[in-house]
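**Student:** After the structure tokens below, expect a handful of questions from me.
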Amino acid sequence: MNNMVNKYLLTGFMVCMLLFIPGCWDYQAMNTKALAIGMAIDQSQDGNPEKFRVTIQYPVFSGSLGEGGGSSENGKNHAEESAEGYTLGEILRSIQLKINRNLDLSQIQTIVLSSQLRREMQQDILEDLIREPRTNRMAYMVSSPFQASDVLSAKLDKISASDDLSKRFGGIFHQNGYYISRTLWEFWRDQTLPGYASSLPLIRPWKDQTGKVNRLLAEGITVYPPDGKVFTLSKKQTLSVNFLLGTVKNMNLDIPYHQKIVSLSSVYGESQMRCFRRNSKMILYARIYIHGILGKRGHVSLANMPPANVMALQNSVEQYERMQILQTLKLLQKHGADVLGYGEIYLQKHPEQEQQVRSNWNRIFQKASVEIDVQAWISSKGVLM
């Protein structure tokens, strides 16, 4: 009996305590803070090359925006506000004045950066974001050749603005061979590593027949060389980068084989990368293992394939992917953009050469010899691995 009374007393005490928890009931107080969940950074709309435009997206916790106003529509669970200026701090203060709220970047989830921004301006913005103590440094960063604010505000089917990146970007993560993931901190770190070229995933908004944006597609990566012009890699070239990094997992892949297309499923890759000198010549080496299952996806049936044909298919996959990887690596060498971390691999064995790598790695990378070895294992119905 005493135990029952104690339980009732404890339950009553906990219910009463909830009344004194601040913030749980005071929605008006919550609505005085703008909790940023997304940011888009574009070129200035007035054509001034020294200015840039920032769009902040934040949730709305009630039907009213209070005194601040903003650009929310009725029934919309988030609002957006934009401003232009010469520095990030100046722009954020302008947005705060417009919405009459305290802007909080601690929970920001996505930062969309226009790939049209000048390299120097992009670096200044990145440094300002890192220096801001309240910024969530684990926010995902993406780039787009289109208006960054359009990517941020895309009205995706059955997705709200407050959903995390994996939901908002739909099937991007499921085809991870065509995509790389970068957080704000990783993007900043890449720009500070010796001999490293930073990169961001390239996102394109996809419109249906009515002109509505209901999907966001991965279109490759944007590469930011330390001393060169920004350029992009296509989806196929991004796949080659991911094979080199060993980050391809559980994806579908089409391979040309005897004037037709063979579809592989459950493809994943492993990689061993090395960087060393041989007779005073720098060597960029990689051994790549590709595993996959012969699958049906429109072109090829799941009929039994004789072992000899499986071996021929494996050789074809090895030759095709080796050619694709070599072409991609040659393109990166042309731009002096080591997005693969060969310079870091070399420094692990030769830390005494850090100063040389920091100052000259892009030129060393351009002149290095490349050795790529690809091995494929393809399984077919009725054939044991």
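Chain labels A, B, ... are given in the sequence in which chains occur in the structure tokens; within each chain residues are numbered consecutively from 1, and ligands are likewise numbered from 1 in the order shown.
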Extract, using only C-alpha atoms, all DNA, RNA and protein residues at most 7 Å from Asp373 of chain A, discarding same-chain residues fewer than 4 positions from it, and format them as a list in words.
**Tutor:**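 Result of the neighbour search: Ala286, Arg287 and Ile288 of chain A.
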**Student:** What's the 12 Å shell around Arg204 of chain A, counting only C-alpha atoms, without same-chain residues fewer than 3 positions away, as JSON, numbers by chain?
**Tutor:** {"A": [112, 114, 115, 142, 143, 144, 145, 146, 147, 148, 149, 150, 151, 152, 154, 169, 172, 201, 207, 213, 214, 215, 216, 217, 218, 219, 220, 221, 235]}
**Student:** Filtering to N, CA and C atoms, could you give me those residues as a PDB file, in the first residue's frame?
**Tutor:**
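Contents of result07.pdb, freshly written:
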ATOM      1  N   VAL A 112      24.237  26.042 -48.475  1.00  0.00           N
ATOM      2  CA  VAL A 112      24.353  25.911 -49.927  1.00  0.00           C
ATOM      3  C   VAL A 112      25.198  27.070 -50.441  1.00  0.00           C
ATOM      4  N   SER A 114      26.964  28.961 -53.670  1.00  0.00           N
ATOM      5  CA  SER A 114      26.957  29.107 -55.122  1.00  0.00           C
ATOM      6  C   SER A 114      28.367  28.889 -55.662  1.00  0.00           C
ATOM      7  N   SER A 115      28.487  28.040 -56.685  1.00  0.00           N
ATOM      8  CA  SER A 115      29.798  27.794 -57.297  1.00  0.00           C
ATOM      9  C   SER A 115      30.230  28.952 -58.187  1.00  0.00           C
ATOM     10  N   VAL A 142      26.946  22.057 -49.425  1.00  0.00           N
ATOM     11  CA  VAL A 142      26.818  21.639 -50.812  1.00  0.00           C
ATOM     12  C   VAL A 142      27.021  22.873 -51.684  1.00  0.00           C
ATOM     13  N   SER A 143      27.291  22.646 -52.962  1.00  0.00           N
ATOM     14  CA  SER A 143      27.434  23.746 -53.914  1.00  0.00           C
ATOM     15  C   SER A 143      26.442  23.551 -55.045  1.00  0.00           C
ATOM     16  N   SER A 144      26.169  24.620 -55.767  1.00  0.00           N
ATOM     17  CA  SER A 144      25.260  24.542 -56.899  1.00  0.00           C
ATOM     18  C   SER A 144      25.617  25.612 -57.918  1.00  0.00           C
ATOM     19  N   PRO A 145      25.612  25.266 -59.223  1.00  0.00           N
ATOM     20  CA  PRO A 145      25.841  26.291 -60.249  1.00  0.00           C
ATOM     21  C   PRO A 145      24.610  27.159 -60.462  1.00  0.00           C
ATOM     22  N   PHE A 146      23.497  26.781 -59.872  1.00  0.00           N
ATOM     23  CA  PHE A 146      22.257  27.542 -59.970  1.00  0.00           C
ATOM     24  C   PHE A 146      22.142  28.462 -58.749  1.00  0.00           C
ATOM     25  N   GLN A 147      21.029  29.142 -58.645  1.00  0.00           N
ATOM     26  CA  GLN A 147      20.809  30.026 -57.507  1.00  0.00           C
ATOM     27  C   GLN A 147      20.759  29.182 -56.236  1.00  0.00           C
ATOM     28  N   ALA A 148      21.669  29.456 -55.304  1.00  0.00           N
ATOM     29  CA  ALA A 148      21.745  28.652 -54.085  1.00  0.00           C
ATOM     30  C   ALA A 148      20.458  28.744 -53.273  1.00  0.00           C
ATOM     31  N   SER A 149      19.819  29.903 -53.290  1.00  0.00           N
ATOM     32  CA  SER A 149      18.575  30.071 -52.528  1.00  0.00           C
ATOM     33  C   SER A 149      17.457  29.197 -53.089  1.00  0.00           C
ATOM     34  N   ASP A 150      17.479  28.920 -54.412  1.00  0.00           N
ATOM     35  CA  ASP A 150      16.475  28.034 -54.997  1.00  0.00           C
ATOM     36  C   ASP A 150      16.652  26.603 -54.506  1.00  0.00           C
ATOM     37  N   VAL A 151      17.902  26.174 -54.342  1.00  0.00           N
ATOM     38  CA  VAL A 151      18.166  24.832 -53.814  1.00  0.00           C
ATOM     39  C   VAL A 151      17.696  24.746 -52.370  1.00  0.00           C
ATOM     40  N   LEU A 152      17.991  25.779 -51.592  1.00  0.00           N
ATOM     41  CA  LEU A 152      17.617  25.773 -50.180  1.00  0.00           C
ATOM     42  C   LEU A 152      16.110  25.755 -49.997  1.00  0.00           C
ATOM     43  N   ALA A 154      13.784  24.680 -52.078  1.00  0.00           N
ATOM     44  CA  ALA A 154      13.057  23.728 -52.925  1.00  0.00           C
ATOM     45  C   ALA A 154      11.934  23.070 -52.138  1.00  0.00           C
ATOM     46  N   PHE A 169      17.362  15.654 -49.419  1.00  0.00           N
ATOM     47  CA  PHE A 169      18.049  15.415 -50.674  1.00  0.00           C
ATOM     48  C   PHE A 169      17.693  14.065 -51.293  1.00  0.00           C
ATOM     49  N   ILE A 172      19.921  10.958 -53.023  1.00  0.00           N
ATOM     50  CA  ILE A 172      21.330  11.252 -53.248  1.00  0.00           C
ATOM     51  C   ILE A 172      22.219  10.282 -52.497  1.00  0.00           C
ATOM     52  N   PRO A 201      29.995  18.662 -52.727  1.00  0.00           N
ATOM     53  CA  PRO A 201      29.042  18.020 -53.631  1.00  0.00           C
ATOM     54  C   PRO A 201      28.290  19.057 -54.450  1.00  0.00           C
ATOM     55  N   LYS A 207      13.241  19.877 -61.904  1.00  0.00           N
ATOM     56  CA  LYS A 207      11.872  20.358 -62.024  1.00  0.00           C
ATOM     57  C   LYS A 207      11.028  19.365 -62.820  1.00  0.00           C
ATOM     58  N   VAL A 213      10.038  22.317 -58.411  1.00  0.00           N
ATOM     59  CA  VAL A 213      11.219  21.590 -57.963  1.00  0.00           C
ATOM     60  C   VAL A 213      10.788  20.585 -56.895  1.00  0.00           C
ATOM     61  N   ASN A 214      10.855  19.287 -57.227  1.00  0.00           N
ATOM     62  CA  ASN A 214      10.460  18.282 -56.238  1.00  0.00           C
ATOM     63  C   ASN A 214      11.548  17.257 -55.963  1.00  0.00           C
ATOM     64  N   ARG A 215      12.724  17.464 -56.549  1.00  0.00           N
ATOM     65  CA  ARG A 215      13.861  16.582 -56.271  1.00  0.00           C
ATOM     66  C   ARG A 215      15.151  17.380 -56.345  1.00  0.00           C
ATOM     67  N   LEU A 216      16.160  16.923 -55.608  1.00  0.00           N
ATOM     68  CA  LEU A 216      17.497  17.492 -55.689  1.00  0.00           C
ATOM     69  C   LEU A 216      18.434  16.358 -56.100  1.00  0.00           C
ATOM     70  N   LEU A 217      19.214  16.585 -57.152  1.00  0.00           N
ATOM     71  CA  LEU A 217      20.037  15.535 -57.726  1.00  0.00           C
ATOM     72  C   LEU A 217      21.517  15.839 -57.548  1.00  0.00           C
ATOM     73  N   ALA A 218      22.296  14.784 -57.295  1.00  0.00           N
ATOM     74  CA  ALA A 218      23.748  14.919 -57.237  1.00  0.00           C
ATOM     75  C   ALA A 218      24.299  14.934 -58.656  1.00  0.00           C
ATOM     76  N   GLU A 219      25.060  15.958 -58.998  1.00  0.00           N
ATOM     77  CA  GLU A 219      25.586  16.110 -60.354  1.00  0.00           C
ATOM     78  C   GLU A 219      27.106  16.037 -60.391  1.00  0.00           C
ATOM     79  N   GLY A 220      27.752  15.597 -59.319  1.00  0.00           N
ATOM     80  CA  GLY A 220      29.208  15.540 -59.285  1.00  0.00           C
ATOM     81  C   GLY A 220      29.754  16.328 -58.111  1.00  0.00           C
ATOM     82  N   ILE A 221      30.937  16.916 -58.280  1.00  0.00           N
ATOM     83  CA  ILE A 221      31.536  17.712 -57.216  1.00  0.00           C
ATOM     84  C   ILE A 221      32.167  18.975 -57.794  1.00  0.00           C
ATOM     85  N   LYS A 235      29.358  13.230 -62.851  1.00  0.00           N
ATOM     86  CA  LYS A 235      28.970  12.096 -62.014  1.00  0.00           C
ATOM     87  C   LYS A 235      29.922  10.918 -62.219  1.00  0.00           C
TER      88      LYS A 235
END
**Student:** Write out as a VMD selection string the set of residues from segment 241-305 of chain A that DSSP, computed on the backbone, places in alpha helix (DSSP H).
**Tutor:** chain A and resid 241 to 245
**Student:** So that I can check the secondary structure, give me every residue of segment 72-227 of chain A assigned strand (DSSP E) by backbone DSSP, as an mmCIF file with N, CA and C atoms, in the first residue's frame.
**Tutor:**
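Saved file states08.cif follows:
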data_model
loop_
_atom_site.group_PDB
_atom_site.id
_atom_site.type_symbol
_atom_site.label_atom_id
_atom_site.label_comp_id
_atom_site.auth_asym_id
_atom_site.auth_seq_id
_atom_site.Cartn_x
_atom_site.Cartn_y
_atom_site.Cartn_z
ATOM 1 N N HIS A 78 7.991 27.310 -42.270
ATOM 2 C CA HIS A 78 9.277 27.983 -42.186
ATOM 3 C C HIS A 78 9.216 29.285 -42.976
ATOM 4 N N ALA A 79 10.178 30.147 -42.713
ATOM 5 C CA ALA A 79 10.270 31.424 -43.409
ATOM 6 C C ALA A 79 11.704 31.631 -43.883
ATOM 7 N N GLU A 80 11.872 32.548 -44.819
ATOM 8 C CA GLU A 80 13.188 32.869 -45.364
ATOM 9 C C GLU A 80 13.354 34.372 -45.439
ATOM 10 N N GLU A 81 14.567 34.818 -45.197
ATOM 11 C CA GLU A 81 14.878 36.242 -45.288
ATOM 12 C C GLU A 81 16.270 36.397 -45.868
ATOM 13 N N SER A 82 16.463 37.407 -46.700
ATOM 14 C CA SER A 82 17.745 37.611 -47.386
ATOM 15 C C SER A 82 18.244 39.024 -47.175
ATOM 16 N N ALA A 83 19.540 39.180 -47.314
ATOM 17 C CA ALA A 83 20.169 40.499 -47.259
ATOM 18 C C ALA A 83 21.504 40.421 -47.989
ATOM 19 N N GLU A 84 22.009 41.587 -48.389
ATOM 20 C CA GLU A 84 23.292 41.662 -49.092
ATOM 21 C C GLU A 84 24.250 42.550 -48.316
ATOM 22 N N GLY A 85 25.533 42.315 -48.528
ATOM 23 C CA GLY A 85 26.536 43.127 -47.864
ATOM 24 C C GLY A 85 27.934 42.707 -48.256
ATOM 25 N N ASN A 102 16.458 37.339 -32.648
ATOM 26 C CA ASN A 102 17.854 36.973 -32.449
ATOM 27 C C ASN A 102 18.170 35.765 -33.320
ATOM 28 N N LEU A 103 19.137 35.900 -34.202
ATOM 29 C CA LEU A 103 19.485 34.837 -35.147
ATOM 30 C C LEU A 103 20.447 33.856 -34.484
ATOM 31 N N ASP A 104 20.081 32.571 -34.497
ATOM 32 C CA ASP A 104 20.870 31.523 -33.848
ATOM 33 C C ASP A 104 21.312 30.518 -34.911
ATOM 34 N N THR A 110 22.093 22.837 -43.127
ATOM 35 C CA THR A 110 22.563 22.828 -44.514
ATOM 36 C C THR A 110 23.043 24.212 -44.927
ATOM 37 N N ILE A 111 24.188 24.260 -45.589
ATOM 38 C CA ILE A 111 24.716 25.507 -46.152
ATOM 39 C C ILE A 111 24.938 25.266 -47.642
ATOM 40 N N VAL A 112 24.237 26.042 -48.475
ATOM 41 C CA VAL A 112 24.353 25.911 -49.927
ATOM 42 C C VAL A 112 25.198 27.070 -50.441
ATOM 43 N N LEU A 113 26.285 26.742 -51.112
ATOM 44 C CA LEU A 113 27.231 27.746 -51.596
ATOM 45 C C LEU A 113 27.183 27.793 -53.116
ATOM 46 N N SER A 114 26.964 28.961 -53.670
ATOM 47 C CA SER A 114 26.957 29.107 -55.122
ATOM 48 C C SER A 114 28.367 28.889 -55.662
ATOM 49 N N TYR A 140 25.948 20.316 -43.014
ATOM 50 C CA TYR A 140 26.346 19.843 -44.335
ATOM 51 C C TYR A 140 26.509 21.015 -45.292
ATOM 52 N N MET A 141 27.544 20.934 -46.137
ATOM 53 C CA MET A 141 27.773 21.957 -47.151
ATOM 54 C C MET A 141 27.636 21.341 -48.533
ATOM 55 N N VAL A 142 26.946 22.057 -49.425
ATOM 56 C CA VAL A 142 26.818 21.639 -50.812
ATOM 57 C C VAL A 142 27.021 22.873 -51.684
ATOM 58 N N SER A 143 27.291 22.646 -52.962
ATOM 59 C CA SER A 143 27.434 23.746 -53.914
ATOM 60 C C SER A 143 26.442 23.551 -55.045
ATOM 61 N N SER A 144 26.169 24.620 -55.767
ATOM 62 C CA SER A 144 25.260 24.542 -56.899
ATOM 63 C C SER A 144 25.617 25.612 -57.918
ATOM 64 N N SER A 198 40.238 21.273 -51.676
ATOM 65 C CA SER A 198 38.930 21.051 -51.077
ATOM 66 C C SER A 198 37.872 20.844 -52.160
ATOM 67 N N SER A 199 36.748 20.235 -51.781
ATOM 68 C CA SER A 199 35.682 19.963 -52.740
ATOM 69 C C SER A 199 34.345 19.927 -52.013
ATOM 70 N N LEU A 200 33.271 20.167 -52.777
ATOM 71 C CA LEU A 200 31.909 20.124 -52.249
ATOM 72 C C LEU A 200 31.023 19.356 -53.227
ATOM 73 N N PRO A 201 29.995 18.662 -52.727
ATOM 74 C CA PRO A 201 29.042 18.020 -53.631
ATOM 75 C C PRO A 201 28.290 19.057 -54.450
ATOM 76 N N LEU A 202 28.049 18.737 -55.710
ATOM 77 C CA LEU A 202 27.364 19.643 -56.630
ATOM 78 C C LEU A 202 25.909 19.181 -56.757
ATOM 79 N N ILE A 203 24.982 20.061 -56.425
ATOM 80 C CA ILE A 203 23.567 19.722 -56.374
ATOM 81 C C ILE A 203 22.802 20.517 -57.420
ATOM 82 N N ARG A 204 21.879 19.826 -58.090
ATOM 83 C CA ARG A 204 21.031 20.498 -59.079
ATOM 84 C C ARG A 204 19.566 20.270 -58.726
ATOM 85 N N PRO A 205 18.760 21.325 -58.667
ATOM 86 C CA PRO A 205 17.319 21.133 -58.462
ATOM 87 C C PRO A 205 16.661 20.591 -59.730
ATOM 88 N N TRP A 206 15.828 19.570 -59.597
ATOM 89 C CA TRP A 206 15.153 18.942 -60.735
ATOM 90 C C TRP A 206 13.701 19.367 -60.747
ATOM 91 N N LYS A 207 13.241 19.877 -61.904
ATOM 92 C CA LYS A 207 11.872 20.358 -62.024
ATOM 93 C C LYS A 207 11.028 19.365 -62.820
ATOM 94 N N VAL A 213 10.038 22.317 -58.411
ATOM 95 C CA VAL A 213 11.219 21.590 -57.963
ATOM 96 C C VAL A 213 10.788 20.585 -56.895
ATOM 97 N N ASN A 214 10.855 19.287 -57.227
ATOM 98 C CA ASN A 214 10.460 18.282 -56.238
ATOM 99 C C ASN A 214 11.548 17.257 -55.963
ATOM 100 N N ARG A 215 12.724 17.464 -56.549
ATOM 101 C CA ARG A 215 13.861 16.582 -56.271
ATOM 102 C C ARG A 215 15.151 17.380 -56.345
ATOM 103 N N LEU A 216 16.160 16.923 -55.608
ATOM 104 C CA LEU A 216 17.497 17.492 -55.689
ATOM 105 C C LEU A 216 18.434 16.358 -56.100
ATOM 106 N N LEU A 217 19.214 16.585 -57.152
ATOM 107 C CA LEU A 217 20.037 15.535 -57.726
ATOM 108 C C LEU A 217 21.517 15.839 -57.548
ATOM 109 N N ALA A 218 22.296 14.784 -57.295
ATOM 110 C CA ALA A 218 23.748 14.919 -57.237
ATOM 111 C C ALA A 218 24.299 14.934 -58.656
ATOM 112 N N GLU A 219 25.060 15.958 -58.998
ATOM 113 C CA GLU A 219 25.586 16.110 -60.354
ATOM 114 C C GLU A 219 27.106 16.037 -60.391
ATOM 115 N N GLY A 220 27.752 15.597 -59.319
ATOM 116 C CA GLY A 220 29.208 15.540 -59.285
ATOM 117 C C GLY A 220 29.754 16.328 -58.111
ATOM 118 N N ILE A 221 30.937 16.916 -58.280
ATOM 119 C CA ILE A 221 31.536 17.712 -57.216
ATOM 120 C C ILE A 221 32.167 18.975 -57.794
ATOM 121 N N THR A 222 32.207 20.005 -56.962
ATOM 122 C CA THR A 222 32.919 21.241 -57.295
ATOM 123 C C THR A 222 34.267 21.204 -56.589
ATOM 124 N N VAL A 223 35.334 21.444 -57.330
ATOM 125 C CA VAL A 223 36.700 21.346 -56.803
ATOM 126 C C VAL A 223 37.292 22.744 -56.696
ATOM 127 N N TYR A 224 37.933 23.013 -55.547
ATOM 128 C CA TYR A 224 38.541 24.319 -55.270
ATOM 129 C C TYR A 224 40.055 24.128 -55.136
#
**Student:** Write out as number ranges by chain each polymer residue whose atoms come within 6 Å of segment 35-39 of chain A, counting only C-alpha atoms; drop sequence neighbours fewer than 2 positions from it.
**Tutor:** A: 55-58, 104-105, 108-111
**Student:** Have a look at atom CA of Glu318 of chain A and atom CA of Leu239 of chain A and let me know their distance in Å, one decimal.
**Tutor:**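 Computed distance, atom CA of Glu318 of chain A to atom CA of Leu239 of chain A, equals 14.3 Å.
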**Student:** Of the residues A:Ala34, A:Ile130, A:Ile125, A:Ile41, which is the one nearest to Arg101 of chain A, using only C-alpha atoms?
**Tutor:**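 Result for the nearest residue to Arg101 of chain A: A:Ala34.
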**Student:** Any idea what the distance is between atom CA of Val370 of chain A and atom CA of Gln191 of chain A?
**Tutor:** 24.0 Å
**Student:** My list of candidates is A:Tyr268, A:Asp42, A:Met138, A:Gly195. Which is closest to Gln122 of chain A when distances are computed with only C-alpha atoms?
**Tutor:**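 Smallest separation from Gln122 of chain A among the options: A:Asp42.
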**Student:** Quick check, in Å to one decimal: how far apart do atom CA of Gln353 of chain A and atom CA of Pro225 of chain A lie?
**Tutor:**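 Going from atom CA of Gln353 of chain A over to atom CA of Pro225 of chain A, I get 20.7 Å.
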